[in-house]
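Structure file protein-v8.txt with compact mmCIF, C-alpha atoms:
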```
# COMPACT_ATOMS: atom_id res chain seq x y z
CA MET I 1 -6.09 75.49 25.42
CA LYS I 2 -5.61 73.60 28.67
CA ARG I 3 -8.46 71.36 29.68
CA THR I 4 -9.66 71.73 33.26
CA THR I 5 -11.04 68.70 35.00
CA GLU I 6 -12.21 67.99 38.49
CA LEU I 7 -10.15 65.27 40.14
CA TYR I 8 -12.08 62.31 41.47
CA ASP I 9 -12.24 62.14 45.27
CA PHE I 10 -11.09 58.64 46.26
CA LYS I 11 -12.05 58.94 49.95
CA ALA I 12 -15.29 56.95 49.55
CA PHE I 13 -13.39 54.32 47.58
CA GLY I 14 -10.76 54.10 50.32
CA ALA I 15 -13.45 53.67 52.97
CA ALA I 16 -15.06 50.88 50.93
CA ILE I 17 -11.70 49.13 50.53
CA LYS I 18 -11.08 49.35 54.26
CA ALA I 19 -14.55 47.98 55.08
CA ALA I 20 -14.19 45.14 52.57
CA ARG I 21 -10.73 44.25 53.89
CA LYS I 22 -12.02 44.15 57.46
CA ALA I 23 -15.10 42.14 56.44
CA LYS I 24 -12.78 39.52 54.95
CA GLY I 25 -10.72 39.49 58.15
CA ILE I 26 -7.55 40.57 56.37
CA SER I 27 -5.03 42.87 58.02
CA ARG I 28 -3.50 45.76 56.12
CA ASN I 29 -0.13 43.99 56.27
CA GLN I 30 -1.58 40.76 54.89
CA LEU I 31 -3.21 42.60 51.99
CA ALA I 32 -0.02 44.52 51.26
CA ASP I 33 2.02 41.29 51.31
CA LYS I 34 -0.43 39.59 48.93
CA MET I 35 -0.26 42.52 46.52
CA GLY I 36 3.47 43.13 46.88
CA ILE I 37 3.10 46.74 48.01
CA ALA I 38 3.80 48.68 51.19
CA PRO I 39 1.18 48.62 53.98
CA ARG I 40 1.58 52.40 54.13
CA TYR I 41 0.28 52.63 50.54
CA ILE I 42 -2.85 50.69 51.54
CA ALA I 43 -3.27 52.95 54.58
CA SER I 44 -3.01 56.05 52.39
CA ILE I 45 -5.67 54.73 50.01
CA GLU I 46 -7.99 53.74 52.87
CA ASN I 47 -7.56 56.77 55.11
CA SER I 48 -6.48 59.68 52.92
CA GLY I 49 -8.12 58.89 49.62
CA GLN I 50 -4.80 58.57 47.80
CA HIS I 51 -5.27 57.85 44.11
CA PRO I 52 -4.12 54.28 43.48
CA SER I 53 -2.54 53.31 40.20
CA LEU I 54 -4.95 51.66 37.78
CA GLN I 55 -3.29 48.29 38.40
CA ILE I 56 -3.58 48.58 42.19
CA PHE I 57 -7.16 49.82 41.82
CA TYR I 58 -7.98 46.74 39.71
CA GLU I 59 -6.27 44.34 42.12
CA LEU I 60 -8.01 45.83 45.15
CA VAL I 61 -11.52 45.72 43.71
CA THR I 62 -11.14 42.21 42.31
CA TYR I 63 -9.46 40.69 45.37
CA LEU I 64 -11.81 42.37 47.86
CA GLU I 65 -14.83 42.04 45.55
CA VAL I 66 -15.81 45.70 45.73
CA SER I 67 -18.35 46.99 43.23
CA VAL I 68 -17.02 50.14 41.56
CA ASP I 69 -20.38 51.07 40.02
CA GLN I 70 -21.35 52.83 43.24
CA PHE I 71 -18.44 55.25 42.76
CA PHE I 72 -18.58 55.85 39.03
CA PHE I 73 -22.35 55.75 38.57
CA PRO I 74 -23.77 56.96 41.90
CA ASP I 75 -27.22 57.71 40.44
CA LYS I 76 -27.57 54.32 38.76
CA GLU I 77 -28.96 51.33 40.63
CA VAL I 78 -26.19 48.80 41.13
CA ASP I 79 -26.79 45.20 40.02
CA LYS I 80 -24.81 43.77 42.91
CA SER I 81 -23.54 45.81 45.83
CA THR I 82 -20.19 45.16 47.44
CA GLN I 83 -21.95 43.48 50.35
CA ARG I 84 -23.87 41.19 47.97
CA ARG I 85 -20.67 40.25 46.12
CA GLN I 86 -18.94 39.41 49.40
CA LEU I 87 -21.91 37.32 50.54
CA ASP I 88 -21.88 35.46 47.21
CA SER I 89 -18.20 34.72 47.72
CA LEU I 90 -18.84 33.32 51.20
CA LEU I 91 -21.72 31.21 49.92
CA ASP I 92 -19.54 29.81 47.13
CA GLU I 93 -17.17 28.42 49.78
CA MET I 94 -19.92 26.61 51.73
CA GLY I 95 -21.05 23.03 51.45
CA SER I 96 -24.63 21.79 51.26
CA LYS I 97 -25.00 21.51 55.06
CA GLU I 98 -24.02 25.15 55.57
CA LEU I 99 -26.18 26.30 52.66
CA THR I 100 -29.19 24.52 54.20
CA ILE I 101 -28.65 26.46 57.43
CA ILE I 102 -28.23 29.76 55.58
CA THR I 103 -31.36 29.12 53.49
CA ALA I 104 -33.43 28.33 56.58
CA THR I 105 -32.13 31.46 58.29
CA ALA I 106 -32.94 33.65 55.29
CA LYS I 107 -36.45 32.18 55.07
CA GLY I 108 -36.94 32.81 58.80
CA ILE I 109 -35.92 36.45 58.38
CA GLN I 110 -38.21 36.83 55.38
CA GLU I 111 -41.17 35.35 57.29
CA ALA I 112 -40.50 37.59 60.30
CA ASN I 113 -40.44 40.65 58.07
CA GLN I 114 -43.73 39.64 56.43
CA GLU I 115 -45.37 39.24 59.86
CA GLU I 116 -44.32 42.79 60.80
CA GLU I 117 -46.09 44.25 57.79
```
What does the file become when written as structure tokens?
Amino acid sequence: MKRTTELYDFKAFGAAIKAARKAKGISRNQLADKMGIAPRYIASIENSGQHPSLQIFYELVTYLEVSVDQFFFPDKEVDKSTQRRQLDSLLDEMGSKELTIITATAKGIQEANQEEE
């Protein structure tokens, strides 16, 4: 008996990859060169929802720091969103001077939000 399964729609994944790539300021050609694949393959994943190979899938999510939980477990609360992972990566690259500025900014935003309530 042949098993029938619904194929996963990779369009949301492709959109997340595209957004993460742009957020990192990486062109499609640069990403393709880094991964050793054709830019057209990246474009097909991003725009058409092409199913990437498992290896390419792994390389994309790890390099671009995209959380896959949002795709595989949409009803489950995600520990760290893609945006949070990308912010963590940026923070890891900053020195103490930059972190002091970021901390003060975050506290200012938090205080402003509390005043609105």
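Residue nearest Gly49 in chain I, chosen from I:Arg21, I:Ala16, I:Ile102, I:Leu91 and counting only C-alpha atoms: I:Ala16.
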Point to revise | Residue nearest Gly14 in chain I among I:Leu31, I:Leu87, I:Met1, I:Val66 (counting only C-alpha atoms) | key: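 Checking each candidate against Gly14 in chain I, we get I:Val66 as the closest.
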Could you put an axis-aligned box around every listed atom of range 85-104 of chain I, padded by 3 Å on each side, and send me its centre and edge lengths in Å to one decimal, as AutoDock Vina command-line options?
```
--center_x -25.3 --center_y 30.9 --center_z 51.8 --size_x 22.3 --size_y 24.7 --size_z 17.3
```
Review point. Just how far from CA of Lys11 in chain I is CA of Ser48 in chain I, in Å to one decimal?
Key: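 Spanning CA of Ser48 in chain I to CA of Lys11 in chain I is a straight-line distance of 6.4 Å.
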Exercise for review: For CA of Ala20 in chain I and CA of Ser89 in chain I, determine how far apart the two atoms are, in Å to one decimal place.
Suggested key: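 Straight-line distance from CA of Ala20 in chain I to CA of Ser89 in chain I works out to 12.2 Å.
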Practice item. State, in Å with one decimal place, the distance from CA of Met35 in chain I to CA of Glu59 in chain I. Key: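 Rounded to one decimal, the two atoms are 7.7 Å apart.
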Check your understanding: Within 7 Å of Glu65 in chain I, counting all atoms listed in the file, which residues qualify if same-chain residues fewer than 3 places away don't, as a list in words?
Key ->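 Answer for this query is Val61, Thr62, Thr82, Arg85 and Gln86 of chain I.
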Review point. What lies within 10 Å of Ala23 in chain I using all atoms listed in the file, ignoring chain neighbours under 6 positions off, as a list in words?
Key: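 Close residues of Ala23 in chain I: Ile17, Leu64, Gln83 and Gln86 of chain I.
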**Study point:** Long-range neighbours of Phe13 in chain I as a PyMOL selection string, 12 Å cut-off, all atoms listed in the file, 4 positions minimum in chain
**Key:** chain I and resi 8-9+17-20+42+44-52+57+60-61+66-72+82
